[in-house]
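Worksheet for the structure shown next.
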Amino acid sequence: MTSVRVDKQHDGGAAGAASGEGEGYQRGLGARQIQMIAIGGAIGTGLFLGAGKAISKAGPSLVLAYAIAGLVIFFIMRALGELLMYRPVSGSFSEYAREFVGPFAGFVTGWTYWLFWVVTGITEVTAAATYMTYWWNIPQWVSALVFTVILYGANLISVKLFGELEFWFSMIKVTAIIGMILICAGILTIGFSDAAETASMTMLWSEGGFFPKGIGGTLMTLQIVMFAFLAVELVGVTAGESKDPKVTLPKAINTVPWRIAVFYVGALIMILSVVPWTHFKPGVSPFVAAFEQMGLGVGAAIVNFVVLTAALSSCNSGMYSTGRMLRDLALNGQGPKVFTRLTRSGTPLLGTTFSAALMLVGVWINYVAPGKAFEYVVSFATISGMWAWIMILVSQIRYRRAVARGEVPESEFKAPGAPYTSWFALLFIGMVIVMMGIDEGARVSLYCAPLWALLLGVSYLVLKSRNPENAAFSRKPAKR
């Protein structure tokens with residue numbers, strides 16, 4: 001959404017600007033769908049597949065890592081919520097970065113978040129292809145190709161269908177995790193299945209201690225942990241298509257603490273109390289492995305289907321996000337104008353098509369390196385996704401300063417403890433980046449980041465020289 005468009009909205013009243021009307025999208029996402037998109041955004045490949053590697057690296061202390069990281073995520077989401085209630089628009093991260101940090105920050109944020117979802121789409125379709133090998137011995141690249149084409153087609157119909165698909169995808173994920181927790185609770189209390197004889201909460205510290213790999217081992221899992229939480233900010237992208245953003249978005253954001261407490265901390269505590277942490281290994285879903293260790297083979301097959309739908313759900317969200325981010329950049333004059341076009345159903349056809357085409361890189365990765373495909377793309381997705389979090393926090397801090405100066409109106413949904421909580425979250429993200437630099441496997445993403453920044457810097461200068469009068473390249477915020 002461009003500054004010019006914002007100005008026009010204010011000519012027609014503050015309500016129009018606040019709601020994001022005029023972007024051309026259909027407000028087809030209701031409260032029920034927004035809530036489930038928010039819940040489902042926190043449950044994906046990072047938990048269902050990545051947790052297997054994290055458990056093998058940290059042991060039971062992974063529970064603590066998820067709890068602390070979850071608190072940081074809540075701080076980030078409340079900072080985002082404060083900005084969303086100030087002005088809910090599609091493409092929110094780049095808009096807030098442009099207004100409160102600078103035009104180049106907005107440009108970088110928009111394109112980097114787009115890249116994040118492209119890479120995440122590759123990650124998720126890779127995970128889905130991995131899950132398919134549980135049943136059939138077919139090449140991963142074949143499954144990756146089929147899933148990419150199917151999800152691309154689903155995203156071209158309407159935002160209402162996207163919301164409905166995500167609602168049911170999220171319902172499957174939530175039901176599966178709650179079912180796993182209840183089964184583990186039954187094993188611990190009633191005692192059934194092959195794991196009943198050894199199941200005990202004491203396994204959280206009896207198998208080598210709570211920190212079997214040391215505190216350093218736990219810190220080294222932070223990259224995987226933070227990757228698991230990537231996509232919780234997706235509710236910000238849906239702001240332009242929410243029927244009642246001032247009501248639905250705060251409710252969705254305030255569910256973050258219990259979502260993390262139940263789906264991550266609670267689920268891992270139960271699993272690690274039933275199955276020793278030493279039984280888990282990288283590349284295998286801990287949920288599937290847990291059922292197999294319990295002697296519940298049918299349950300393992302069911303959970304594998306669930307984690308398959310979880311991966312497809314996240315990839316589906318990626319295709320949704322990338323098309324919207326490209327259109328927002330194009331509307332600002334920071335991307336090709338061709339991406340501004342919408343279909344009659346209100347979907348950004350060309351932006352989604354371009355992004356889906358790039359996701360086919362995942363098919364190639366699965367062809368040349370099926371065993372390492374997931375590991376290769378996770379680290380780059382993490383660093384690009386965390387950039388959006390950094391910009392949310394910095395924008396919120398600067399927004400607070402602008403409010404204090406009387407330059408912008410105060411948000412109705414203030415982040416508690418800010419700006420101190422925002423500074424704490426920034427320091428935590430900084431620590432994660434340092435840990436990524438130490439980890440040889442994750443370090444490749446830090447090598448790629450400067451190259452991406454250089455490409456964006458050159459592109460920005462070229463676009464600005466061609467259209468210096470464009471408000472998107474001005475430090476002046478949109479009129480309020």
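All residue names refer to the structure tokens as shown: chains lettered A, B, ... in order, residues numbered from 1 in each chain, ligands numbered from 1 in order.
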Contact table segment 222-334 of chain A vs segment 380-395 of chain A, cut-off 8 Å, shortest pair per residue, only C-alpha atoms, as JSON lines:
{"residue": "A:Gln223", "atom": "CA", "partner": "A:Thr382", "partner_atom": "CA", "distance": 7.0}
{"residue": "A:Met226", "atom": "CA", "partner": "A:Thr382", "partner_atom": "CA", "distance": 7.1}
{"residue": "A:Phe227", "atom": "CA", "partner": "A:Thr382", "partner_atom": "CA", "distance": 5.3}
{"residue": "A:Leu230", "atom": "CA", "partner": "A:Gly385", "partner_atom": "CA", "distance": 6.5}
Using N, CA and C atoms, can you write the selected residues to a file as a compact mmCIF listing (two decimals), in the first residue's frame?
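Once written, part12.txt looks like this:
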# COMPACT_ATOMS: atom_id res chain seq x y z
N GLN A 223 18.64 -21.67 16.74
CA GLN A 223 18.28 -21.43 15.35
C GLN A 223 17.08 -22.28 14.95
N MET A 226 13.91 -21.01 16.83
CA MET A 226 13.33 -19.78 16.27
C MET A 226 12.69 -20.05 14.91
N PHE A 227 13.29 -20.98 14.14
CA PHE A 227 12.68 -21.35 12.86
C PHE A 227 11.28 -21.93 13.07
N LEU A 230 8.77 -19.16 13.21
CA LEU A 230 8.59 -18.30 12.04
C LEU A 230 7.21 -18.56 11.43
Which of segment 307-366 of chain A DSSP labels helix (DSSP H, G or I), written as JSON, numbers by chain = {"A": [307, 308, 309, 310, 311, 312, 313, 314, 315, 316, 317, 318, 319, 320, 321, 322, 323, 324, 325, 326, 327, 328, 329, 330, 331, 337, 338, 339, 340, 349, 350, 351, 352, 353, 354, 355, 356, 357, 358, 359, 361, 362, 363, 364, 365, 366]}
query = For Leu455 of chain A, which residue among A:Val265, A:Ala65, A:Phe107, A:Phe424 is the nearest when counting only C-alpha atoms?
reply =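 Among A:Val265, A:Ala65, A:Phe107, A:Phe424, it is A:Phe107 that comes nearest to Leu455 of chain A.
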Env of Pro286 of chain A: 9 Å cut, atoms = only C-alpha atoms, seq-sep filter 5 positions within chain, self excluded. Answer as a compact mmCIF listing (two decimals) with C-alpha atoms, in the first residue's frame.
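Once everything was written out, this is part_2.txt:
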# COMPACT_ATOMS: atom_id res chain seq x y z
CA LEU A 47 8.02 -28.49 15.41
CA PHE A 48 7.01 -31.61 13.51
CA LEU A 49 10.35 -32.28 11.76
CA GLY A 50 13.00 -29.85 13.03
CA ALA A 51 12.39 -30.78 16.67
CA GLY A 52 13.89 -34.21 16.01
CA LYS A 53 17.30 -32.69 15.29
CA ILE A 55 16.17 -32.99 20.68
CA ILE A 271 6.80 -36.91 24.56
CA PHE A 280 15.17 -39.29 18.57
CA LYS A 281 17.32 -38.41 15.58
CA PHE A 291 4.28 -43.49 18.29
Which residues come within 10 Å of Cys315 of chain A, counting only C-alpha atoms, excluding same-chain residues fewer than 5 positions away, as a PDB file with N, CA and C atoms, in the first residue's frame?
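result.pdb, freshly written:
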ATOM      1  N   GLY A  44       4.271 -25.928  12.659  1.00  0.00           N
ATOM      2  CA  GLY A  44       4.678 -26.314  11.316  1.00  0.00           C
ATOM      3  C   GLY A  44       5.841 -27.263  11.326  1.00  0.00           C
ATOM      4  N   THR A  45       6.628 -27.199  10.255  1.00  0.00           N
ATOM      5  CA  THR A  45       7.741 -28.114  10.092  1.00  0.00           C
ATOM      6  C   THR A  45       8.774 -27.976  11.197  1.00  0.00           C
ATOM      7  N   TRP A 117       9.456 -16.255   2.572  1.00  0.00           N
ATOM      8  CA  TRP A 117       8.364 -17.183   2.299  1.00  0.00           C
ATOM      9  C   TRP A 117       8.654 -18.070   1.094  1.00  0.00           C
ATOM     10  N   VAL A 118       9.408 -17.561   0.138  1.00  0.00           N
ATOM     11  CA  VAL A 118       9.818 -18.417  -0.978  1.00  0.00           C
ATOM     12  C   VAL A 118      10.690 -19.549  -0.459  1.00  0.00           C
ATOM     13  N   VAL A 119      11.686 -19.188   0.381  1.00  0.00           N
ATOM     14  CA  VAL A 119      12.586 -20.189   0.938  1.00  0.00           C
ATOM     15  C   VAL A 119      11.832 -21.132   1.875  1.00  0.00           C
ATOM     16  N   THR A 120      10.907 -20.561   2.676  1.00  0.00           N
ATOM     17  CA  THR A 120      10.106 -21.391   3.573  1.00  0.00           C
ATOM     18  C   THR A 120       9.238 -22.363   2.781  1.00  0.00           C
ATOM     19  N   GLY A 121       8.699 -21.885   1.665  1.00  0.00           N
ATOM     20  CA  GLY A 121       7.915 -22.766   0.813  1.00  0.00           C
ATOM     21  C   GLY A 121       8.750 -23.947   0.336  1.00  0.00           C
ATOM     22  N   ILE A 122      10.011 -23.662  -0.009  1.00  0.00           N
ATOM     23  CA  ILE A 122      10.919 -24.732  -0.407  1.00  0.00           C
ATOM     24  C   ILE A 122      11.144 -25.686   0.765  1.00  0.00           C
ATOM     25  N   THR A 123      11.323 -25.115   1.959  1.00  0.00           N
ATOM     26  CA  THR A 123      11.542 -25.932   3.154  1.00  0.00           C
ATOM     27  C   THR A 123      10.369 -26.857   3.417  1.00  0.00           C
ATOM     28  N   GLU A 124       9.171 -26.289   3.357  1.00  0.00           N
ATOM     29  CA  GLU A 124       7.977 -27.057   3.692  1.00  0.00           C
ATOM     30  C   GLU A 124       7.673 -28.134   2.652  1.00  0.00           C
ATOM     31  N   VAL A 125       7.863 -27.801   1.387  1.00  0.00           N
ATOM     32  CA  VAL A 125       7.590 -28.806   0.361  1.00  0.00           C
ATOM     33  C   VAL A 125       8.647 -29.909   0.423  1.00  0.00           C
ATOM     34  N   THR A 126       9.857 -29.547   0.884  1.00  0.00           N
ATOM     35  CA  THR A 126      10.904 -30.551   1.105  1.00  0.00           C
ATOM     36  C   THR A 126      10.494 -31.487   2.230  1.00  0.00           C
ATOM     37  N   ALA A 128       7.441 -32.080   3.232  1.00  0.00           N
ATOM     38  CA  ALA A 128       6.312 -32.888   2.773  1.00  0.00           C
ATOM     39  C   ALA A 128       6.804 -34.065   1.923  1.00  0.00           C
ATOM     40  N   PHE A 147       3.330 -31.383  -5.140  1.00  0.00           N
ATOM     41  CA  PHE A 147       2.762 -30.542  -4.087  1.00  0.00           C
ATOM     42  C   PHE A 147       2.819 -29.063  -4.456  1.00  0.00           C
ATOM     43  N   THR A 148       3.922 -28.628  -5.059  1.00  0.00           N
ATOM     44  CA  THR A 148       4.059 -27.226  -5.453  1.00  0.00           C
ATOM     45  C   THR A 148       2.987 -26.829  -6.456  1.00  0.00           C
ATOM     46  N   LEU A 151      -0.649 -26.744  -4.723  1.00  0.00           N
ATOM     47  CA  LEU A 151      -0.853 -25.591  -3.841  1.00  0.00           C
ATOM     48  C   LEU A 151      -0.909 -24.291  -4.631  1.00  0.00           C
ATOM     49  N   TYR A 152      -0.159 -24.214  -5.697  1.00  0.00           N
ATOM     50  CA  TYR A 152      -0.220 -23.039  -6.566  1.00  0.00           C
ATOM     51  C   TYR A 152      -1.629 -22.870  -7.124  1.00  0.00           C
ATOM     52  N   THR A 309       0.243 -32.746   6.229  1.00  0.00           N
ATOM     53  CA  THR A 309      -0.686 -31.630   6.014  1.00  0.00           C
ATOM     54  C   THR A 309      -0.156 -30.345   6.639  1.00  0.00           C
ATOM     55  N   ALA A 310       0.592 -30.463   7.748  1.00  0.00           N
ATOM     56  CA  ALA A 310       1.169 -29.283   8.389  1.00  0.00           C
ATOM     57  C   ALA A 310       2.175 -28.605   7.467  1.00  0.00           C
ATOM     58  N   TYR A 320       0.478 -17.637  -0.345  1.00  0.00           N
ATOM     59  CA  TYR A 320      -0.437 -16.534  -0.052  1.00  0.00           C
ATOM     60  C   TYR A 320       0.354 -15.260   0.255  1.00  0.00           C
ATOM     61  N   SER A 321       1.357 -15.360   1.106  1.00  0.00           N
ATOM     62  CA  SER A 321       2.116 -14.198   1.558  1.00  0.00           C
ATOM     63  C   SER A 321       2.942 -13.580   0.437  1.00  0.00           C
ATOM     64  N   ALA A 356       5.725 -18.924  -6.940  1.00  0.00           N
ATOM     65  CA  ALA A 356       5.614 -20.378  -7.051  1.00  0.00           C
ATOM     66  C   ALA A 356       6.661 -20.937  -8.001  1.00  0.00           C
ATOM     67  N   MET A 359       9.779 -21.277  -6.166  1.00  0.00           N
ATOM     68  CA  MET A 359       9.723 -22.393  -5.215  1.00  0.00           C
ATOM     69  C   MET A 359      10.085 -23.725  -5.873  1.00  0.00           C
TER      70      MET A 359
END
Top pick for closest residue to Leu145 of chain A, considering A:Val363, A:Pro416, A:Thr353, A:Asn467 and counting only C-alpha atoms =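 Comparing A:Val363, A:Pro416, A:Thr353, A:Asn467 against Leu145 of chain A, the winner is A:Val363.
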Near-Gly106 of chain A list (8 Å; only C-alpha atoms; drop same-chain fewer than 2 positions) as a PyMOL selection string = chain A and resi 93-99+101-104+108-110
Written selection (C-alpha atoms) as a PDB file, in the first residue's frame:
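Below you can see part-v3.pdb, which holds the result:
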ATOM      1  CA  PHE A  93       6.074  -5.000   7.991  1.00  0.00           C
ATOM      2  CA  SER A  94       7.469  -3.067   5.063  1.00  0.00           C
ATOM      3  CA  GLU A  95       4.966  -0.243   5.582  1.00  0.00           C
ATOM      4  CA  TYR A  96       5.920   0.252   9.223  1.00  0.00           C
ATOM      5  CA  ALA A  97       9.638  -0.045   8.449  1.00  0.00           C
ATOM      6  CA  ARG A  98       9.323   2.546   5.695  1.00  0.00           C
ATOM      7  CA  GLU A  99       7.423   4.989   7.886  1.00  0.00           C
ATOM      8  CA  VAL A 101      12.842   3.490  10.100  1.00  0.00           C
ATOM      9  CA  GLY A 102      13.299   4.750   6.550  1.00  0.00           C
ATOM     10  CA  PRO A 103      12.417   4.064   2.907  1.00  0.00           C
ATOM     11  CA  PHE A 104      15.357   1.727   2.347  1.00  0.00           C
ATOM     12  CA  VAL A 108      14.594  -4.341   2.276  1.00  0.00           C
ATOM     13  CA  THR A 109      11.916  -5.633   4.639  1.00  0.00           C
ATOM     14  CA  GLY A 110       9.343  -6.166   1.908  1.00  0.00           C
TER      15      GLY A 110
END
request  = Excluding Gly216 of chain A and residues on its chain fewer than 2 positions from it, collect all residues at most 12 Å away from it, counting only C-alpha atoms, and give them as a PyMOL selection string.
outcome  = chain A and resi 57-59+61-62+65+211-214+218-222+435+438-439
message = For Leu308 of chain A, find every residue with an atom within 9 Å (counting only C-alpha atoms), except residues of its own chain fewer than 6 positions away, and show them as a list of chain:residue names.
response =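 With the cut-off at 9 Å, the set is A:Thr45, A:Ala127, A:Ala128, A:Ala129, A:Thr130, A:Tyr131, A:Met132.
Distance annotation: of A:Ile177, A:Leu331, A:Ile224, A:Val256, the residue with the minimal separation from Phe287 of chain A is A:Ile177; atom set is only C-alpha atoms.
The closest residue to Glu197 of chain A, picked from A:Leu234, A:Val274, A:Ile215, A:Val284 and counting only C-alpha atoms, is A:Val274.
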ask   = Using only C-alpha atoms, which residue out of A:Trp205, A:Tyr460, A:Phe413, A:Tyr420 lies closest to Tyr86 of chain A?
value = A:Phe413
ask   = Using only C-alpha atoms, which residue out of A:Pro419, A:Cys448, A:Ile365, A:Val432 lies closest to Trp141 of chain A?
value =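 For Trp141 of chain A, the nearest of the candidates is A:Ile365.
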message = Between atom CA of Ala67 of chain A and atom CA of Val225 of chain A, what is the distance in Å, rounded to a tenth?
response =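 That distance, rounded to one decimal, is 9.8 Å.
The space between atom CA of Met294 of chain A and atom CA of Ala195 of chain A spans 4.9 Å.
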